[in-house]
$ cat my_file00.csv   # CSV, C-alpha atoms
chain,number,residue,atom,x,y,z
F,1,MET,CA,0.0,0.0,0.0
F,2,SER,CA,2.3,2.8,1.2
F,3,THR,CA,5.8,2.6,-0.1
F,4,SER,CA,8.8,2.5,2.1
F,5,ARG,CA,10.3,5.9,3.0
F,6,SER,CA,13.7,4.6,1.9
F,7,ASN,CA,12.3,4.7,-1.7
F,8,ARG,CA,10.6,8.1,-1.5
F,9,GLY,CA,10.5,11.5,0.1
F,10,LEU,CA,8.3,12.7,3.0
F,11,ARG,CA,4.6,13.2,2.7
F,12,LEU,CA,3.4,16.0,5.1
F,13,LEU,CA,-0.1,17.1,6.0
F,14,SER,CA,-1.1,20.4,7.7
F,15,LEU,CA,-4.6,21.1,9.1
F,16,ASP,CA,-5.8,24.6,9.9
F,17,GLY,CA,-8.0,25.6,12.8
F,18,GLY,CA,-11.6,26.6,12.1
F,19,GLY,CA,-14.2,25.3,14.6
F,20,ILE,CA,-16.9,23.3,13.0
F,21,ARG,CA,-15.7,24.4,9.6
F,22,GLY,CA,-12.8,22.0,10.1
F,23,LEU,CA,-15.1,19.3,8.8
F,24,SER,CA,-14.3,20.7,5.4
F,25,GLU,CA,-10.7,19.6,5.8
F,26,LEU,CA,-11.8,16.0,6.6
F,27,ALA,CA,-14.1,16.0,3.6
F,28,MET,CA,-11.3,17.1,1.2
F,29,LEU,CA,-9.0,14.5,2.7
F,30,HIS,CA,-11.7,11.9,2.3
F,31,GLU,CA,-11.9,12.6,-1.4
F,32,ILE,CA,-8.1,12.3,-1.7
F,33,MET,CA,-8.1,8.9,0.1
F,34,ALA,CA,-11.1,7.7,-2.0
F,35,ARG,CA,-9.2,8.5,-5.2
F,36,ILE,CA,-6.2,6.7,-3.8
F,37,GLN,CA,-8.3,3.7,-3.1
F,38,HIS,CA,-9.7,3.7,-6.7
F,39,ARG,CA,-6.3,4.4,-8.3
F,40,GLU,CA,-4.5,1.6,-6.4
F,41,ASN,CA,-7.5,-0.8,-6.6
F,42,LEU,CA,-7.6,-1.3,-2.8
F,43,ALA,CA,-10.3,-3.4,-1.1
F,44,ARG,CA,-10.9,-0.8,1.7
F,45,LEU,CA,-10.6,2.9,2.1
F,46,PRO,CA,-6.9,3.6,3.1
F,47,LYS,CA,-6.2,5.7,6.2
F,48,PRO,CA,-4.2,8.9,6.1
F,49,CYS,CA,-1.8,7.5,8.7
F,50,GLU,CA,-0.8,4.8,6.2
F,51,TYR,CA,0.3,7.4,3.6
F,52,PHE,CA,1.5,10.5,5.5
F,53,ASP,CA,4.7,10.6,7.5
F,54,LEU,CA,3.8,13.7,9.6
F,55,ILE,CA,0.4,15.2,10.4
F,56,GLY,CA,0.2,18.5,12.3
F,57,GLY,CA,-2.8,20.7,13.3
F,58,THR,CA,-4.0,23.6,15.3
F,59,SER,CA,-7.3,24.0,17.2
F,60,THR,CA,-10.0,21.8,15.6
F,61,GLY,CA,-7.4,21.0,12.9
F,62,GLY,CA,-5.4,19.7,15.8
F,63,LEU,CA,-8.4,17.6,16.9
F,64,ALA,CA,-8.6,16.2,13.4
F,65,ALA,CA,-4.9,15.4,13.5
F,66,LEU,CA,-5.4,13.4,16.7
F,67,LEU,CA,-8.2,11.4,15.2
F,68,LEU,CA,-6.3,10.7,12.0
F,69,GLY,CA,-2.7,10.3,13.3
F,70,ARG,CA,-2.8,9.4,17.0
F,71,LEU,CA,-6.0,7.3,17.0
F,72,GLN,CA,-5.4,6.2,13.3
F,73,LEU,CA,-9.0,6.6,12.1
F,74,SER,CA,-10.1,6.5,8.5
F,75,THR,CA,-11.5,9.7,7.0
F,76,GLU,CA,-14.9,8.1,7.0
F,77,GLN,CA,-14.7,7.4,10.7
F,78,ALA,CA,-13.2,10.8,11.5
F,79,ILE,CA,-16.0,12.7,9.6
F,80,THR,CA,-18.6,10.8,11.7
F,81,GLU,CA,-16.8,11.4,15.0
F,82,TYR,CA,-16.0,15.0,14.2
F,83,GLY,CA,-19.7,15.7,13.4
F,84,ASN,CA,-20.9,14.0,16.6
F,85,LEU,CA,-18.3,15.9,18.7
F,86,ALA,CA,-19.3,19.3,17.2
F,87,SER,CA,-23.0,18.7,17.8
F,88,LEU,CA,-22.4,17.6,21.4
F,89,VAL,CA,-19.8,20.2,22.4
F,90,PHE,CA,-21.2,23.3,20.6
F,91,LYS,CA,-24.9,22.5,21.3
F,92,GLU,CA,-25.2,24.6,24.4
F,93,LYS,CA,-23.5,27.9,25.4
F,94,LYS,CA,-22.7,28.7,29.0
F,95,SER,CA,-25.1,31.1,30.6
F,96,GLY,CA,-23.7,34.4,31.6
F,97,TRP,CA,-20.5,34.0,29.7
F,98,LEU,CA,-18.0,36.9,30.1
F,99,GLY,CA,-14.3,37.4,29.7
F,100,ASN,CA,-11.7,34.7,28.9
F,101,ASP,CA,-13.6,31.6,30.3
F,102,GLY,CA,-15.0,30.6,27.0
F,103,GLN,CA,-18.6,30.3,25.6
F,104,TYR,CA,-18.7,26.5,25.8
F,105,LYS,CA,-18.1,24.0,28.5
F,106,ALA,CA,-14.5,22.7,28.4
F,107,THR,CA,-15.7,19.7,30.6
F,108,LYS,CA,-18.0,18.6,27.8
F,109,LEU,CA,-15.2,18.7,25.2
F,110,GLU,CA,-13.0,16.8,27.7
F,111,THR,CA,-15.6,14.1,28.2
F,112,VAL,CA,-16.3,13.6,24.5
F,113,VAL,CA,-12.6,13.3,23.7
F,114,LYS,CA,-12.0,10.8,26.5
F,115,GLU,CA,-14.8,8.7,25.1
F,116,LEU,CA,-13.2,8.8,21.7
F,117,VAL,CA,-9.8,7.8,23.1
F,118,GLN,CA,-11.4,4.9,25.0
F,119,LYS,CA,-13.2,3.8,21.9
F,120,TYR,CA,-10.3,3.9,19.5
F,121,SER,CA,-7.0,3.7,21.4
F,122,ALA,CA,-5.1,0.4,21.6
F,123,THR,CA,-5.6,0.1,25.3
F,124,ASN,CA,-9.1,1.5,25.5
F,125,ASN,CA,-7.8,3.8,28.3
F,126,PRO,CA,-9.4,7.3,28.3
F,127,ASP,CA,-6.3,8.7,29.9
F,128,GLU,CA,-3.9,7.2,27.3
F,129,SER,CA,-0.6,9.1,26.8
F,130,MET,CA,0.0,11.3,23.8
F,131,LEU,CA,3.3,9.5,23.2
F,132,ASP,CA,2.8,6.5,20.9
F,133,ALA,CA,5.3,3.6,20.5
F,134,ARG,CA,3.9,3.0,17.0
F,135,ALA,CA,5.1,6.5,15.9
F,136,GLU,CA,8.7,5.4,16.6
F,137,GLU,CA,8.6,2.5,14.1
F,138,PRO,CA,10.2,2.9,10.7
F,139,GLY,CA,7.9,4.5,8.2
F,140,ALA,CA,5.2,5.2,10.8
F,141,CYS,CA,3.1,8.3,10.9
F,142,LYS,CA,4.0,11.0,13.5
F,143,THR,CA,1.5,13.5,14.8
F,144,PHE,CA,1.6,16.8,16.7
F,145,VAL,CA,-0.8,19.5,17.7
F,146,CYS,CA,-0.1,23.1,18.4
F,147,ALA,CA,-1.0,25.1,21.6
F,148,ALA,CA,0.5,28.2,23.2
F,149,PRO,CA,1.6,28.8,26.7
F,150,ALA,CA,-0.7,31.6,28.0
F,151,ASP,CA,2.3,33.5,29.3
F,152,ASN,CA,4.2,33.5,26.0
F,153,LEU,CA,2.0,33.3,22.9
F,154,ALA,CA,5.0,33.9,20.6
F,155,CYS,CA,6.4,30.4,21.4
F,156,PRO,CA,3.9,27.6,20.4
F,157,THR,CA,4.2,24.3,22.2
F,158,LEU,CA,4.0,21.1,20.1
F,159,PHE,CA,2.4,18.1,21.8
F,160,ARG,CA,3.9,15.1,19.9
F,161,THR,CA,3.2,11.4,19.6
F,162,TYR,CA,6.9,10.8,19.3
F,163,ARG,CA,10.1,11.9,21.2
F,164,ILE,CA,12.7,14.3,19.9
F,165,PRO,CA,16.1,14.8,21.5
F,166,ASP,CA,15.4,18.2,23.1
F,167,ALA,CA,11.8,17.6,24.2
F,168,SER,CA,10.5,14.7,26.3
F,169,PHE,CA,7.3,16.4,27.6
F,170,ASP,CA,4.3,14.2,27.5
F,171,CYS,CA,0.6,14.6,28.4
F,172,LYS,CA,-2.6,12.7,27.9
F,173,ILE,CA,-4.4,12.7,24.5
F,174,TRP,CA,-7.4,14.5,25.9
F,175,GLU,CA,-5.1,17.1,27.4
F,176,ALA,CA,-3.5,17.8,24.1
F,177,ALA,CA,-7.0,18.1,22.5
F,178,ARG,CA,-8.1,20.5,25.2
F,179,ALA,CA,-5.0,22.6,24.9
F,180,THR,CA,-5.1,23.0,21.1
F,181,CYS,CA,-8.8,23.8,21.1
F,182,ALA,CA,-8.7,26.3,24.0
F,183,ALA,CA,-9.4,29.5,22.0
F,184,PRO,CA,-10.2,32.2,24.7
F,185,THR,CA,-13.6,32.9,23.2
F,186,LEU,CA,-14.5,29.2,23.0
F,187,PHE,CA,-13.1,27.2,25.9
F,188,LYS,CA,-11.2,28.0,29.1
F,189,ARG,CA,-7.5,27.4,29.4
F,190,ILE,CA,-6.1,24.1,30.6
F,191,ARG,CA,-3.2,23.6,33.1
F,192,ILE,CA,-0.8,20.7,32.1
F,193,GLY,CA,2.3,19.5,33.8
F,194,ALA,CA,3.5,18.0,37.0
F,195,GLU,CA,2.0,19.3,40.2
F,196,GLY,CA,3.6,22.6,41.1
F,197,THR,CA,5.1,23.2,37.7
F,198,GLU,CA,1.9,23.3,35.6
F,199,GLN,CA,1.6,25.7,32.7
F,200,GLU,CA,-1.5,27.2,31.3
F,201,TYR,CA,-2.2,26.6,27.6
F,202,ILE,CA,-4.5,28.1,25.0
F,203,ASP,CA,-4.9,27.4,21.3
F,204,ALA,CA,-2.1,28.7,19.1
F,205,GLY,CA,-4.5,30.3,16.6
F,206,LEU,CA,-2.9,33.8,16.7
F,207,GLY,CA,0.6,32.5,15.7
F,208,CYS,CA,-0.1,29.4,13.7
F,209,TYR,CA,-3.8,29.0,12.8
F,210,ASN,CA,-2.4,27.6,9.7
F,211,PRO,CA,0.4,25.4,11.0
F,212,VAL,CA,2.1,24.7,7.7
F,213,PHE,CA,5.4,26.4,8.8
F,214,GLU,CA,5.4,24.4,12.0
F,215,VAL,CA,4.9,21.2,9.9
F,216,VAL,CA,7.8,22.0,7.7
F,217,ALA,CA,10.1,22.9,10.6
F,218,GLU,CA,9.0,19.8,12.5
F,219,ALA,CA,9.8,17.5,9.6
F,220,ASP,CA,13.4,18.7,9.8
F,221,VAL,CA,13.4,17.9,13.6
F,222,ALA,CA,11.7,14.5,13.3
F,223,PHE,CA,13.4,13.2,10.1
F,224,GLY,CA,16.5,15.3,9.6
F,225,LYS,CA,17.2,18.3,7.4
F,226,ASP,CA,18.5,16.2,4.6
F,227,GLN,CA,15.3,14.3,4.1
F,228,LYS,CA,13.6,15.1,0.8
F,229,VAL,CA,9.9,16.2,0.8
F,230,ASP,CA,7.8,14.7,-2.0
F,231,CYS,CA,4.6,16.5,-1.1
F,232,LEU,CA,3.3,19.0,1.5
F,233,ILE,CA,-0.5,19.1,1.6
F,234,SER,CA,-2.1,22.1,3.5
F,235,LEU,CA,-5.9,22.0,4.1
F,236,GLY,CA,-7.9,25.0,5.1
F,237,SER,CA,-11.3,25.4,6.8
F,238,GLY,CA,-12.7,27.9,4.3
F,239,GLN,CA,-11.6,31.4,3.3
F,240,LYS,CA,-12.8,34.2,5.6
F,241,GLY,CA,-12.7,37.1,3.3
F,242,VAL,CA,-10.9,40.4,3.4
F,243,ILE,CA,-9.0,41.4,6.6
F,244,ALA,CA,-10.4,44.6,8.0
F,245,LEU,CA,-9.1,46.8,10.9
F,246,LYS,CA,-12.2,47.7,12.9
F,247,LYS,CA,-12.5,49.9,15.9
F,248,PRO,CA,-13.2,47.9,19.2
F,249,ASN,CA,-16.7,48.3,20.6
F,250,TRP,CA,-17.5,49.1,24.2
F,251,PHE,CA,-17.2,45.4,25.2
F,252,GLN,CA,-13.7,45.0,23.8
F,253,LYS,CA,-12.6,48.2,25.4
F,254,MET,CA,-13.8,46.9,28.7
F,255,PHE,CA,-12.2,43.4,28.3
F,256,PRO,CA,-9.1,44.1,26.2
F,257,THR,CA,-7.7,40.6,26.8
F,258,ASP,CA,-10.4,39.0,24.8
F,259,ALA,CA,-9.8,38.1,21.1
F,260,ILE,CA,-11.0,41.3,19.5
F,261,PRO,CA,-12.2,41.0,15.9
F,262,VAL,CA,-9.0,42.3,14.2
F,263,LEU,CA,-6.9,39.6,16.0
F,264,GLU,CA,-9.5,36.9,15.3
F,265,ARG,CA,-9.5,37.9,11.6
F,266,LEU,CA,-5.7,38.1,11.4
F,267,SER,CA,-5.4,34.6,13.0
F,268,MET,CA,-8.1,33.1,10.8
F,269,ASP,CA,-6.8,34.5,7.5
F,270,SER,CA,-4.5,31.6,7.2
F,271,GLU,CA,-4.2,32.3,3.5
F,272,ILE,CA,-1.4,34.7,4.4
F,273,ALA,CA,0.8,31.8,5.6
F,274,ALA,CA,-0.4,29.7,2.7
F,275,GLU,CA,0.6,32.3,0.1
F,276,GLN,CA,4.0,32.7,1.8
F,277,MET,CA,4.6,29.0,1.7
F,278,GLN,CA,3.4,28.8,-1.9
F,279,ALA,CA,5.8,31.5,-3.0
F,280,TRP,CA,8.8,29.8,-1.3
F,281,TYR,CA,8.0,26.3,-2.7
F,282,HIS,CA,7.3,27.7,-6.2
F,283,ARG,CA,10.6,29.4,-6.2
F,284,HIS,CA,12.7,26.5,-4.7
F,285,TRP,CA,10.8,23.2,-5.0
F,286,PRO,CA,7.9,23.5,-7.6
F,287,GLY,CA,5.4,20.7,-7.6
F,288,VAL,CA,5.7,19.9,-3.9
F,289,TYR,CA,3.3,22.2,-2.1
F,290,TYR,CA,-0.5,22.0,-2.5
F,291,ARG,CA,-3.2,24.1,-0.8
F,292,LEU,CA,-6.9,23.3,-0.7
F,293,ASN,CA,-9.3,25.7,0.9
F,294,VAL,CA,-13.0,26.3,0.0
F,295,GLU,CA,-13.1,29.7,-1.6
F,296,GLN,CA,-16.8,30.6,-1.4
F,297,GLY,CA,-19.8,29.9,0.9
F,298,MET,CA,-18.4,29.5,4.3
F,299,GLN,CA,-17.5,33.1,5.2
F,300,ASP,CA,-20.4,33.6,7.5
F,301,ILE,CA,-20.4,30.2,9.2
F,302,GLY,CA,-19.4,30.7,12.8
F,303,VAL,CA,-16.9,28.4,14.5
F,304,GLY,CA,-19.6,26.9,16.8
F,305,GLU,CA,-22.6,26.8,14.5
F,306,TRP,CA,-22.9,23.0,14.5
F,307,LYS,CA,-26.3,23.0,12.9
F,308,ARG,CA,-24.6,24.2,9.7
F,309,LEU,CA,-22.3,21.2,9.4
F,310,GLY,CA,-24.4,20.1,6.3
F,311,GLU,CA,-23.6,23.4,4.7
F,312,VAL,CA,-19.9,22.9,5.2
F,313,LEU,CA,-20.1,19.6,3.4
F,314,THR,CA,-22.2,21.0,0.6
F,315,HIS,CA,-19.8,23.9,-0.1
F,316,THR,CA,-16.8,21.5,0.2
F,317,THR,CA,-18.3,19.0,-2.3
F,318,LYS,CA,-19.0,21.8,-4.8
F,319,TYR,CA,-15.5,23.2,-4.4
F,320,ILE,CA,-13.6,19.9,-4.7
F,321,GLN,CA,-15.7,18.7,-7.7
F,322,GLY,CA,-15.0,21.9,-9.7
F,323,GLY,CA,-12.9,21.3,-12.7
F,324,ARG,CA,-9.7,23.1,-11.7
F,325,ILE,CA,-9.7,21.8,-8.1
F,326,SER,CA,-10.6,18.2,-9.2
F,327,VAL,CA,-7.6,18.2,-11.5
F,328,GLU,CA,-5.5,19.5,-8.5
F,329,VAL,CA,-6.8,16.7,-6.4
F,330,ASP,CA,-5.7,14.2,-9.0
F,331,THR,CA,-2.3,15.7,-9.0
F,332,ILE,CA,-2.1,15.5,-5.3
F,333,VAL,CA,-3.0,11.8,-5.5
F,334,ASP,CA,-0.3,11.3,-8.0
F,335,LYS,CA,2.2,12.9,-5.6
F,336,ILE,CA,1.1,10.8,-2.6
F,337,ILE,CA,1.2,7.4,-4.3
F,338,GLY,CA,4.4,8.3,-6.2
F,339,SER,CA,3.1,8.1,-9.8

$ encode --input "my_file00.csv" --output "structure tokens"
Amino acid sequence: MSTSRSNRGLRLLSLDGGGIRGLSELAMLHEIMARIQHRENLARLPKPCEYFDLIGGTSTGGLAALLLGRLQLSTEQAITEYGNLASLVFKEKKSGWLGNDGQYKATKLETVVKELVQKYSATNNPDESMLDARAEEPGACKTFVCAAPADNLACPTLFRTYRIPDASFDCKIWEAARATCAAPTLFKRIRIGAEGTEQEYIDAGLGCYNPVFEVVAEADVAFGKDQKVDCLISLGSGQKGVIALKKPNWFQKMFPTDAIPVLERLSMDSEIAAEQMQAWYHRHWPGVYYRLNVEQGMQDIGVGEWKRLGEVLTHTTKYIQGGRISVEVDTIVDKIIGS
């Protein structure tokens, strides 16, 4: 199925944040895997962890990375579980929400993720470690999610399924999920670490909502700087439109630590990072980097509007079946399977 890495370069996957719109990324990836199944005449739908060497994500893209990489789900399974999680977690807002504590119950997110870990992990232990012995095997898929220490947003923390020489920090899978999803307006922060030395984490959306640069840098760390990259696939959760600098309203003046619209728009316009990466690869390594991101239809879908999951799938299907994008997907499939 997947060729040995000794015969090919790395295959990397980057997943943006985006709340419930992250379902779009899973739908696009599902189309890619379905075309791989058809192209290679496989009896079953292949899993992304069988083809990608490294998967990295931020926020709900980080959650998708955990489903696909750490728990090794198929895209079909991940779409089902992602939809169920979104409907359960975003169904009810907290009453009297104010400030940095988040609109939704972090305990609900924690419970749902633990249930997923118990259902799909090798040990059926809801508190299973993020570190995964399988990730250390030759040719295995490695996974990380991004979060940010609340005291230093400029330095994102990567919670990995594998060890690297300079970082042996570990946590539970559900803790990594909570940290990467802890956007201040959505969920409260989480404290992770040994008693007395815990650190508070929030999601890393402001610095790496699109974690493609982190994925590229981490590939050097995990596999060595001399390792060739065959393909880098970056999936977005729908374009947000033009960035606008708006004056803060009375609420934002009163609570300046909240994510005011300009910061939210800057972090969510992940196309800035995408365009920078596109320019670099086009100049130095053409035919390696590919970016898929629904261009129209999802601009007004809020991160917690779980009742609009069907719209997300509709817009994604229309986008990916369009002539230009469909050809791009075929090219991506060629790159992944080494045609």

$ closest_atom_pairs --input "my_file00.csv" --of "range 15-93 of chain F" --to "range 132-154 of chain F" --cutoff "7 Å" --atoms "all atoms listed in the file" --output "tab-separated table"
residue	atom	partner	partner_atom	distance
F:Cys49	CA	F:Cys141	CA	5.4
F:Phe52	CA	F:Cys141	CA	6.0
F:Asp53	CA	F:Cys141	CA	4.4
F:Leu54	CA	F:Lys142	CA	4.7
F:Ile55	CA	F:Thr143	CA	4.8
F:Gly56	CA	F:Phe144	CA	4.9
F:Gly57	CA	F:Val145	CA	5.0
F:Thr58	CA	F:Cys146	CA	5.0
F:Gly62	CA	F:Val145	CA	5.0
F:Ala65	CA	F:Thr143	CA	6.8
F:Gly69	CA	F:Thr143	CA	5.5
F:Arg70	CA	F:Thr143	CA	6.3

$ atom_distance --input "my_file00.csv" --atom1 "CA of Val89 in chain F" --atom2 "CA of Gln77 in chain F"
18.1 Å

$ residues_around --input "my_file00.csv" --residues "Gly22 in chain F" --least-positions-apart "6" --cutoff "9 Å" --atoms "only C-alpha atoms" --output "PyMOL selection string"
chain F and resi 15-16+60-61+64+82+236-238+303+312

$ residues_around --input "my_file00.csv" --residues "Ile20 in chain F" --least-positions-apart "3" --cutoff "7 Å" --atoms "only C-alpha atoms" --output "JSON, numbers by chain"
{"F": [23, 86, 303, 304, 305, 306, 309]}

$ residues_around --input "my_file00.csv" --residues "Arg189 in chain F" --least-positions-apart "6" --cutoff "7 Å" --atoms "all atoms listed in the file" --output "number ranges by chain"
F: 182, 200-202

$ closest_residue --input "my_file00.csv" --among "F:Glu128, F:Asp226, F:Glu271, F:Glu115" --to "Gly9 in chain F" --atoms "all atoms listed in the file"
F:Asp226

$ atom_distance --input "my_file00.csv" --atom1 "CA of Ser24 in chain F" --atom2 "CA of Arg291 in chain F"
13.2 Å

$ atom_distance --input "my_file00.csv" --atom1 "CA of Gln227 in chain F" --atom2 "CA of Arg11 in chain F"
10.8 Å

$ closest_residue --input "my_file00.csv" --among "F:Val113, F:Val294, F:Ile173, F:Leu10" --to "Gln321 in chain F" --atoms "all atoms listed in the file"
F:Val294

$ residues_around --input "my_file00.csv" --residues "Leu68 in chain F" --least-positions-apart "6" --cutoff "8 Å" --atoms "all atoms listed in the file" --output "CSV table (one decimal) with C-alpha atoms, in the coordinates of the input"
chain,number,residue,atom,x,y,z
F,47,LYS,CA,-6.2,5.7,6.2
F,48,PRO,CA,-4.2,8.9,6.1
F,49,CYS,CA,-1.8,7.5,8.7
F,74,SER,CA,-10.1,6.5,8.5
F,75,THR,CA,-11.5,9.7,7.0
F,78,ALA,CA,-13.2,10.8,11.5
